[in-house]
Amino acid sequence: MTNRATFYSRAVETGTKIFATAPMIDWSDRHFRVFARQLTRNALLFTEMIVADAILRGNRERLLGFDAIEHPVALQLGGNSPDKLAEAARIGEGFGYAEINLNVGCPSDRVQSGTFGACLMREPDLVADCVAAMRAAVSIPVTVKCRIGVDDQDPEVALRDLVSRVKAAGTDAVWVHARKAWLQGLSPKENRDIPPLDYGLVHRLKAENPNLFIGLNGGLQTLSQAVGEMDGLDGVMLGRAAYQDSGVLTGVDKFFPHPLSEALPSGAFSGPQDLSGDDWEAVRDAMVAYAGDVIARGGRVAHVTRHMVGLFQGFPGVRRYRQILSTDATKPGAGPQVIADAFAAVLSARGAAQDAAE
């Protein structure tokens, strides 16, 4: 398979790093991605996994539609049919996604019943066929997100075998969740925490594949930890940590360039406490406007606010902020004003605390 120039190959060639938010079922929907984009301009945002069959048969606008402000966005697909995945990838490219990613890591019962996700760790040849078919169908990057192995597989063997095959098939990048998935005996939630992490294996994999983008995912709790693990790798991906404490995202642009525009890291601030009141008001105003648009399209403000509860950890007034977003936003007739009210609880408490300290 011939090489082609993508933002992933450019990152490998130049040594620049890519930061991504992970695909998270029920979490990384379009509303979360709009919110995340208010906090970071440079992160690559992943959709939640969308099954190829659903795209081929379902409401494509509902499944794939997104706001232009979300860019760059990667579409993660689930499936095991090269032909169906290729068609779904072609449709995704038509919607404007920057990347197509194949899920080879999800251990949920739903994907096991469909024999895809982490189950595909056992079928590296099939994964390679899927990658080759999608790569032939689209001009944007085609990538893989995988575990280091499943069940009784030896990760030293299973991960290398998978990567060698998808590399030969033309994958543009491999994002590795540095844990095994135990498909028998552990729940999806337990599979996110119990299997031990092996970052060393991912670092060795990169050393053995210097010309292939290798990104690390799994167990990274803070931005500083992610930056610390980045040496020798091409990128890092945060999932739950970036969702449950979304203020983490405000520091991304200090360390990571924009993957598409090559804009340099800003160095402007290092975390949410460094943002000014004006900065937070800009986030507030953007989300109030967006929530209004969602409601106008028939949605509810709670569809938006449920993704915003993790912001402002450690700030005065955060308890009231969460209460408003979790409770007031679910009341009949609730509108975008609840977002303004929630931000006011924090910004007024923060201002009072700053005045008292002077």
# chains A, B, ... in the order shown; residues from 1 in each chain; ligands from 1
>>> residues_around(residues="range 198-206 of chain A", least_positions_apart="4", cutoff="12 Å", atoms="only C-alpha atoms", output="ChimeraX atom specification")
/A:12,146-149,154-164,173-180,210-220,226,228-236
>>> residues_around(residues="range 117-126 of chain A", least_positions_apart="3", cutoff="6 Å", atoms="only C-alpha atoms", output="MDAnalysis selection string")
chainID A and resid 103:107 111 129 162
>>> residues_around(residues="Thr6 in chain A", least_positions_apart="2", cutoff="9 Å", atoms="only C-alpha atoms", output="tab-separated table (two decimals) with C-alpha atoms, in the first residue's frame")
chain	number	residue	atom	x	y	z
A	4	ARG	CA	-0.09	9.34	1.28
A	8	TYR	CA	-0.94	12.17	10.74
A	9	SER	CA	2.05	11.64	8.46
A	10	ARG	CA	2.94	15.31	8.86
A	11	ALA	CA	2.89	14.92	12.64
A	140	ILE	CA	-9.21	11.33	4.30
A	141	PRO	CA	-7.14	9.43	6.90
A	172	ASP	CA	-2.70	6.29	8.71
>>> atom_distance(atom1="CA of Arg300 in chain A", atom2="CA of Ser326 in chain A")
12.9 Å
>>> select_by_dssp(residues="range 48-95 of chain A", states="strand (DSSP E or B)", output="compact mmCIF listing (two decimals) with N, CA, C and O atoms, in the first residue's frame")
# COMPACT_ATOMS: atom_id res chain seq x y z
N ILE A 50 -20.26 4.80 15.83
CA ILE A 50 -21.51 4.66 15.08
C ILE A 50 -21.38 3.41 14.20
O ILE A 50 -20.41 3.27 13.45
N VAL A 51 -22.32 2.51 14.33
CA VAL A 51 -22.25 1.24 13.61
C VAL A 51 -22.51 1.47 12.12
O VAL A 51 -23.42 2.21 11.74
N VAL A 73 -13.05 16.90 13.36
CA VAL A 73 -13.79 15.80 13.97
C VAL A 73 -13.49 14.50 13.23
O VAL A 73 -13.51 14.46 11.99
N ALA A 74 -13.24 13.45 14.00
CA ALA A 74 -13.01 12.11 13.45
C ALA A 74 -14.25 11.26 13.69
O ALA A 74 -14.81 11.26 14.79
N LEU A 75 -14.68 10.54 12.69
CA LEU A 75 -15.84 9.66 12.78
C LEU A 75 -15.36 8.24 13.10
O LEU A 75 -14.60 7.65 12.33
N GLN A 76 -15.81 7.72 14.25
CA GLN A 76 -15.46 6.33 14.57
C GLN A 76 -16.59 5.40 14.13
O GLN A 76 -17.76 5.60 14.48
N LEU A 77 -16.22 4.37 13.38
CA LEU A 77 -17.17 3.39 12.89
C LEU A 77 -17.00 2.06 13.62
O LEU A 77 -15.90 1.68 14.03
N GLY A 78 -18.11 1.35 13.77
CA GLY A 78 -18.10 -0.01 14.27
C GLY A 78 -18.63 -0.95 13.20
O GLY A 78 -19.59 -0.61 12.50
>>> select_by_dssp(residues="range 107-264 of chain A", states="helix (DSSP H, G or I)", output="PyMOL selection string")
chain A and resi 109-113+117-122+124-137+155-169+188-191+199-208+223-229+240-244+246-255
>>> closest_atom_pairs(of="range 184-287 of chain A", to="range 339-352 of chain A", cutoff="10 Å", atoms="only C-alpha atoms", output="Markdown table")
| residue | atom | partner | partner_atom | distance |
| --- | --- | --- | --- | --- |
| A:Ser276 | CA | A:Leu347 | CA | 9.8 |
| A:Gly277 | CA | A:Leu347 | CA | 7.0 |
| A:Trp280 | CA | A:Phe343 | CA | 8.1 |
| A:Glu281 | CA | A:Phe343 | CA | 8.0 |
| A:Val283 | CA | A:Phe343 | CA | 9.4 |
| A:Arg284 | CA | A:Ala340 | CA | 6.4 |
| A:Asp285 | CA | A:Ala340 | CA | 7.7 |
| A:Met287 | CA | A:Ile339 | CA | 7.4 |
>>> write_last_selection(atoms="N, CA and C atoms", output="short mmCIF file (atom, residue, chain, number, x, y, z; two decimals), in the first residue's frame")
data_model
loop_
_atom_site.label_atom_id
_atom_site.label_comp_id
_atom_site.auth_asym_id
_atom_site.auth_seq_id
_atom_site.Cartn_x
_atom_site.Cartn_y
_atom_site.Cartn_z
N SER A 276 -9.79 34.27 32.30
CA SER A 276 -10.42 35.47 32.84
C SER A 276 -11.94 35.34 32.81
N GLY A 277 -12.60 36.27 33.49
CA GLY A 277 -14.05 36.31 33.42
C GLY A 277 -14.55 36.49 32.01
N TRP A 280 -14.56 33.12 30.22
CA TRP A 280 -15.69 32.26 30.62
C TRP A 280 -17.01 32.80 30.08
N GLU A 281 -17.13 34.11 30.01
CA GLU A 281 -18.36 34.68 29.44
C GLU A 281 -18.49 34.34 27.96
N VAL A 283 -17.40 31.53 26.60
CA VAL A 283 -17.86 30.14 26.60
C VAL A 283 -19.35 30.10 26.90
N ARG A 284 -19.77 30.84 27.92
CA ARG A 284 -21.19 30.90 28.29
C ARG A 284 -22.04 31.35 27.12
N ASP A 285 -21.66 32.44 26.49
CA ASP A 285 -22.48 33.00 25.41
C ASP A 285 -22.58 32.03 24.23
N MET A 287 -22.41 28.75 24.36
CA MET A 287 -23.26 27.61 24.70
C MET A 287 -24.73 28.02 24.84
#
>>> closest_residue(among="A:Met308, A:Ala181, A:Leu186, A:Val127", to="Lys167 in chain A", atoms="only C-alpha atoms")
A:Val127
>>> residues_around(residues="His31 in chain A", least_positions_apart="6", cutoff="12 Å", atoms="only C-alpha atoms", output="ChimeraX atom specification")
/A:37-38,45,47-48,65-67,69-70,287,290-291,293-294,299-308
>>> write_last_selection(atoms="N, CA and C atoms", output="PDB file, in the first residue's frame")
ATOM      1  N   ARG A  37     -15.233  22.199  22.050  1.00  0.00           N
ATOM      2  CA  ARG A  37     -14.572  23.126  21.136  1.00  0.00           C
ATOM      3  C   ARG A  37     -14.522  24.546  21.698  1.00  0.00           C
ATOM      4  N   GLN A  38     -15.381  24.875  22.636  1.00  0.00           N
ATOM      5  CA  GLN A  38     -15.283  26.185  23.293  1.00  0.00           C
ATOM      6  C   GLN A  38     -14.072  26.246  24.218  1.00  0.00           C
ATOM      7  N   LEU A  45     -11.377  15.967  17.882  1.00  0.00           N
ATOM      8  CA  LEU A  45     -12.529  15.434  18.604  1.00  0.00           C
ATOM      9  C   LEU A  45     -13.089  14.209  17.890  1.00  0.00           C
ATOM     10  N   THR A  47     -16.087  11.282  17.421  1.00  0.00           N
ATOM     11  CA  THR A  47     -17.483  10.953  17.675  1.00  0.00           C
ATOM     12  C   THR A  47     -17.543   9.720  18.568  1.00  0.00           C
ATOM     13  N   GLU A  48     -18.717   9.452  19.110  1.00  0.00           N
ATOM     14  CA  GLU A  48     -18.945   8.138  19.689  1.00  0.00           C
ATOM     15  C   GLU A  48     -18.999   7.137  18.535  1.00  0.00           C
ATOM     16  N   GLY A  65     -24.794  14.196  11.343  1.00  0.00           N
ATOM     17  CA  GLY A  65     -24.782  15.651  11.267  1.00  0.00           C
ATOM     18  C   GLY A  65     -23.998  16.268  12.411  1.00  0.00           C
ATOM     19  N   PHE A  66     -23.281  17.328  12.115  1.00  0.00           N
ATOM     20  CA  PHE A  66     -22.537  18.024  13.166  1.00  0.00           C
ATOM     21  C   PHE A  66     -22.363  19.477  12.779  1.00  0.00           C
ATOM     22  N   ASP A  67     -21.992  20.276  13.761  1.00  0.00           N
ATOM     23  CA  ASP A  67     -21.817  21.709  13.578  1.00  0.00           C
ATOM     24  C   ASP A  67     -20.409  21.982  13.062  1.00  0.00           C
ATOM     25  N   ILE A  69     -18.418  24.194  13.718  1.00  0.00           N
ATOM     26  CA  ILE A  69     -17.493  24.653  14.751  1.00  0.00           C
ATOM     27  C   ILE A  69     -16.740  23.497  15.402  1.00  0.00           C
ATOM     28  N   GLU A  70     -17.262  22.291  15.248  1.00  0.00           N
ATOM     29  CA  GLU A  70     -16.633  21.130  15.890  1.00  0.00           C
ATOM     30  C   GLU A  70     -15.305  20.738  15.252  1.00  0.00           C
ATOM     31  N   MET A 287     -22.414  28.751  24.359  1.00  0.00           N
ATOM     32  CA  MET A 287     -23.264  27.611  24.703  1.00  0.00           C
ATOM     33  C   MET A 287     -24.729  28.020  24.836  1.00  0.00           C
ATOM     34  N   TYR A 290     -25.876  28.159  21.273  1.00  0.00           N
ATOM     35  CA  TYR A 290     -25.989  26.812  20.713  1.00  0.00           C
ATOM     36  C   TYR A 290     -27.212  26.090  21.270  1.00  0.00           C
ATOM     37  N   ALA A 291     -27.435  26.205  22.573  1.00  0.00           N
ATOM     38  CA  ALA A 291     -28.605  25.551  23.176  1.00  0.00           C
ATOM     39  C   ALA A 291     -29.893  26.093  22.573  1.00  0.00           C
ATOM     40  N   ASP A 293     -30.270  27.081  19.529  1.00  0.00           N
ATOM     41  CA  ASP A 293     -30.407  26.434  18.228  1.00  0.00           C
ATOM     42  C   ASP A 293     -30.909  24.998  18.376  1.00  0.00           C
ATOM     43  N   VAL A 294     -30.392  24.286  19.393  1.00  0.00           N
ATOM     44  CA  VAL A 294     -30.826  22.903  19.628  1.00  0.00           C
ATOM     45  C   VAL A 294     -32.319  22.862  19.927  1.00  0.00           C
ATOM     46  N   GLY A 299     -34.864  19.899  20.041  1.00  0.00           N
ATOM     47  CA  GLY A 299     -34.174  19.270  21.159  1.00  0.00           C
ATOM     48  C   GLY A 299     -34.503  19.946  22.482  1.00  0.00           C
ATOM     49  N   ARG A 300     -33.822  19.507  23.533  1.00  0.00           N
ATOM     50  CA  ARG A 300     -34.022  20.067  24.865  1.00  0.00           C
ATOM     51  C   ARG A 300     -32.696  20.590  25.392  1.00  0.00           C
ATOM     52  N   VAL A 301     -32.772  21.577  26.250  1.00  0.00           N
ATOM     53  CA  VAL A 301     -31.541  22.159  26.781  1.00  0.00           C
ATOM     54  C   VAL A 301     -30.745  21.133  27.573  1.00  0.00           C
ATOM     55  N   ALA A 302     -31.436  20.167  28.198  1.00  0.00           N
ATOM     56  CA  ALA A 302     -30.732  19.134  28.963  1.00  0.00           C
ATOM     57  C   ALA A 302     -29.849  18.265  28.077  1.00  0.00           C
ATOM     58  N   HIS A 303     -30.173  18.169  26.782  1.00  0.00           N
ATOM     59  CA  HIS A 303     -29.315  17.420  25.861  1.00  0.00           C
ATOM     60  C   HIS A 303     -27.919  18.047  25.798  1.00  0.00           C
ATOM     61  N   VAL A 304     -27.856  19.341  26.017  1.00  0.00           N
ATOM     62  CA  VAL A 304     -26.592  20.077  25.988  1.00  0.00           C
ATOM     63  C   VAL A 304     -25.956  20.125  27.370  1.00  0.00           C
ATOM     64  N   THR A 305     -26.753  20.489  28.376  1.00  0.00           N
ATOM     65  CA  THR A 305     -26.184  20.755  29.700  1.00  0.00           C
ATOM     66  C   THR A 305     -25.639  19.515  30.385  1.00  0.00           C
ATOM     67  N   ARG A 306     -26.126  18.324  30.028  1.00  0.00           N
ATOM     68  CA  ARG A 306     -25.619  17.122  30.691  1.00  0.00           C
ATOM     69  C   ARG A 306     -24.127  16.916  30.442  1.00  0.00           C
ATOM     70  N   HIS A 307     -23.623  17.495  29.360  1.00  0.00           N
ATOM     71  CA  HIS A 307     -22.198  17.361  29.050  1.00  0.00           C
ATOM     72  C   HIS A 307     -21.340  18.437  29.720  1.00  0.00           C
ATOM     73  N   MET A 308     -21.970  19.405  30.357  1.00  0.00           N
ATOM     74  CA  MET A 308     -21.239  20.553  30.889  1.00  0.00           C
ATOM     75  C   MET A 308     -21.018  20.488  32.390  1.00  0.00           C
TER      76      MET A 308
END
>>> atom_distance(atom1="CA of Leu260 in chain A", atom2="CA of Ser139 in chain A")
14.7 Å
>>> decode(residues="range 280-296 of chain A", atoms="all heavy atoms", output="short mmCIF file (atom, residue, chain, number, x, y, z; two decimals), in the first residue's frame")
data_model
loop_
_atom_site.label_atom_id
_atom_site.label_comp_id
_atom_site.auth_asym_id
_atom_site.auth_seq_id
_atom_site.Cartn_x
_atom_site.Cartn_y
_atom_site.Cartn_z
N TRP A 280 -14.56 33.12 30.22
CA TRP A 280 -15.69 32.26 30.62
C TRP A 280 -17.01 32.80 30.08
O TRP A 280 -17.90 32.02 29.72
CB TRP A 280 -15.75 32.14 32.14
CG TRP A 280 -14.66 31.27 32.70
CD1 TRP A 280 -13.73 31.61 33.64
CD2 TRP A 280 -14.39 29.91 32.35
NE1 TRP A 280 -12.90 30.55 33.90
CE2 TRP A 280 -13.28 29.50 33.12
CE3 TRP A 280 -14.96 29.00 31.47
CZ2 TRP A 280 -12.74 28.22 33.04
CZ3 TRP A 280 -14.43 27.72 31.38
CH2 TRP A 280 -13.34 27.34 32.15
N GLU A 281 -17.13 34.11 30.01
CA GLU A 281 -18.36 34.68 29.44
C GLU A 281 -18.49 34.34 27.96
O GLU A 281 -19.61 34.13 27.46
CB GLU A 281 -18.37 36.20 29.66
CG GLU A 281 -18.60 36.59 31.12
CD GLU A 281 -18.37 38.07 31.38
OE1 GLU A 281 -18.08 38.80 30.40
OE2 GLU A 281 -18.47 38.48 32.54
N ALA A 282 -17.37 34.25 27.27
CA ALA A 282 -17.41 33.86 25.86
C ALA A 282 -17.88 32.41 25.72
O ALA A 282 -18.68 32.09 24.82
CB ALA A 282 -16.04 34.04 25.22
N VAL A 283 -17.40 31.53 26.60
CA VAL A 283 -17.86 30.14 26.60
C VAL A 283 -19.35 30.10 26.90
O VAL A 283 -20.13 29.41 26.22
CB VAL A 283 -17.08 29.30 27.64
CG1 VAL A 283 -17.67 27.88 27.72
CG2 VAL A 283 -15.61 29.23 27.28
N ARG A 284 -19.77 30.84 27.92
CA ARG A 284 -21.19 30.90 28.29
C ARG A 284 -22.04 31.35 27.12
O ARG A 284 -23.06 30.71 26.79
CB ARG A 284 -21.35 31.87 29.46
CG ARG A 284 -22.80 32.11 29.89
CD ARG A 284 -22.91 33.42 30.67
NE ARG A 284 -22.56 34.58 29.84
CZ ARG A 284 -22.28 35.79 30.32
NH1 ARG A 284 -22.28 36.00 31.62
NH2 ARG A 284 -21.98 36.79 29.49
N ASP A 285 -21.66 32.44 26.49
CA ASP A 285 -22.48 33.00 25.41
C ASP A 285 -22.58 32.03 24.23
O ASP A 285 -23.64 31.91 23.61
CB ASP A 285 -21.90 34.33 24.95
CG ASP A 285 -22.00 35.42 26.02
OD1 ASP A 285 -22.74 35.22 27.01
OD2 ASP A 285 -21.32 36.45 25.88
N ALA A 286 -21.48 31.36 23.93
CA ALA A 286 -21.50 30.41 22.82
C ALA A 286 -22.44 29.25 23.12
O ALA A 286 -23.20 28.80 22.24
CB ALA A 286 -20.08 29.89 22.55
N MET A 287 -22.41 28.75 24.36
CA MET A 287 -23.26 27.61 24.70
C MET A 287 -24.73 28.02 24.84
O MET A 287 -25.62 27.23 24.52
CB MET A 287 -22.77 26.96 25.98
CG MET A 287 -21.39 26.31 25.84
SD MET A 287 -21.23 25.22 24.39
CE MET A 287 -22.47 23.96 24.75
N VAL A 288 -24.99 29.22 25.31
CA VAL A 288 -26.37 29.72 25.36
C VAL A 288 -26.93 29.79 23.93
O VAL A 288 -28.06 29.34 23.66
CB VAL A 288 -26.43 31.09 26.05
CG1 VAL A 288 -27.78 31.77 25.78
CG2 VAL A 288 -26.21 30.95 27.55
N ALA A 289 -26.15 30.34 23.01
CA ALA A 289 -26.61 30.44 21.62
C ALA A 289 -26.81 29.06 21.01
O ALA A 289 -27.80 28.82 20.31
CB ALA A 289 -25.60 31.26 20.81
N TYR A 290 -25.88 28.16 21.27
CA TYR A 290 -25.99 26.81 20.71
C TYR A 290 -27.21 26.09 21.27
O TYR A 290 -27.95 25.43 20.52
CB TYR A 290 -24.73 26.02 21.01
CG TYR A 290 -24.81 24.58 20.53
CD1 TYR A 290 -24.76 24.28 19.18
CD2 TYR A 290 -24.99 23.53 21.44
CE1 TYR A 290 -24.87 22.97 18.74
CE2 TYR A 290 -25.10 22.23 21.00
CZ TYR A 290 -25.03 21.94 19.65
OH TYR A 290 -25.16 20.65 19.22
N ALA A 291 -27.43 26.20 22.57
CA ALA A 291 -28.60 25.55 23.18
C ALA A 291 -29.89 26.09 22.57
O ALA A 291 -30.86 25.34 22.36
CB ALA A 291 -28.59 25.75 24.69
N GLY A 292 -29.92 27.38 22.29
CA GLY A 292 -31.10 27.95 21.63
C GLY A 292 -31.34 27.32 20.28
O GLY A 292 -32.49 27.03 19.91
N ASP A 293 -30.27 27.08 19.53
CA ASP A 293 -30.41 26.43 18.23
C ASP A 293 -30.91 25.00 18.38
O ASP A 293 -31.73 24.53 17.57
CB ASP A 293 -29.07 26.43 17.50
CG ASP A 293 -28.64 27.82 17.05
OD1 ASP A 293 -29.51 28.71 16.96
OD2 ASP A 293 -27.43 28.01 16.79
N VAL A 294 -30.39 24.29 19.39
CA VAL A 294 -30.83 22.90 19.63
C VAL A 294 -32.32 22.86 19.93
O VAL A 294 -33.06 22.02 19.40
CB VAL A 294 -30.02 22.28 20.79
CG1 VAL A 294 -30.62 20.94 21.22
CG2 VAL A 294 -28.56 22.08 20.37
N ILE A 295 -32.78 23.77 20.79
CA ILE A 295 -34.20 23.82 21.13
C ILE A 295 -35.03 24.16 19.90
O ILE A 295 -36.09 23.57 19.67
CB ILE A 295 -34.43 24.84 22.26
CG1 ILE A 295 -33.78 24.34 23.55
CG2 ILE A 295 -35.91 25.08 22.48
CD1 ILE A 295 -33.75 25.37 24.66
N ALA A 296 -34.55 25.07 19.08
CA ALA A 296 -35.27 25.45 17.86
C ALA A 296 -35.42 24.27 16.90
O ALA A 296 -36.38 24.21 16.12
CB ALA A 296 -34.56 26.61 17.18
#
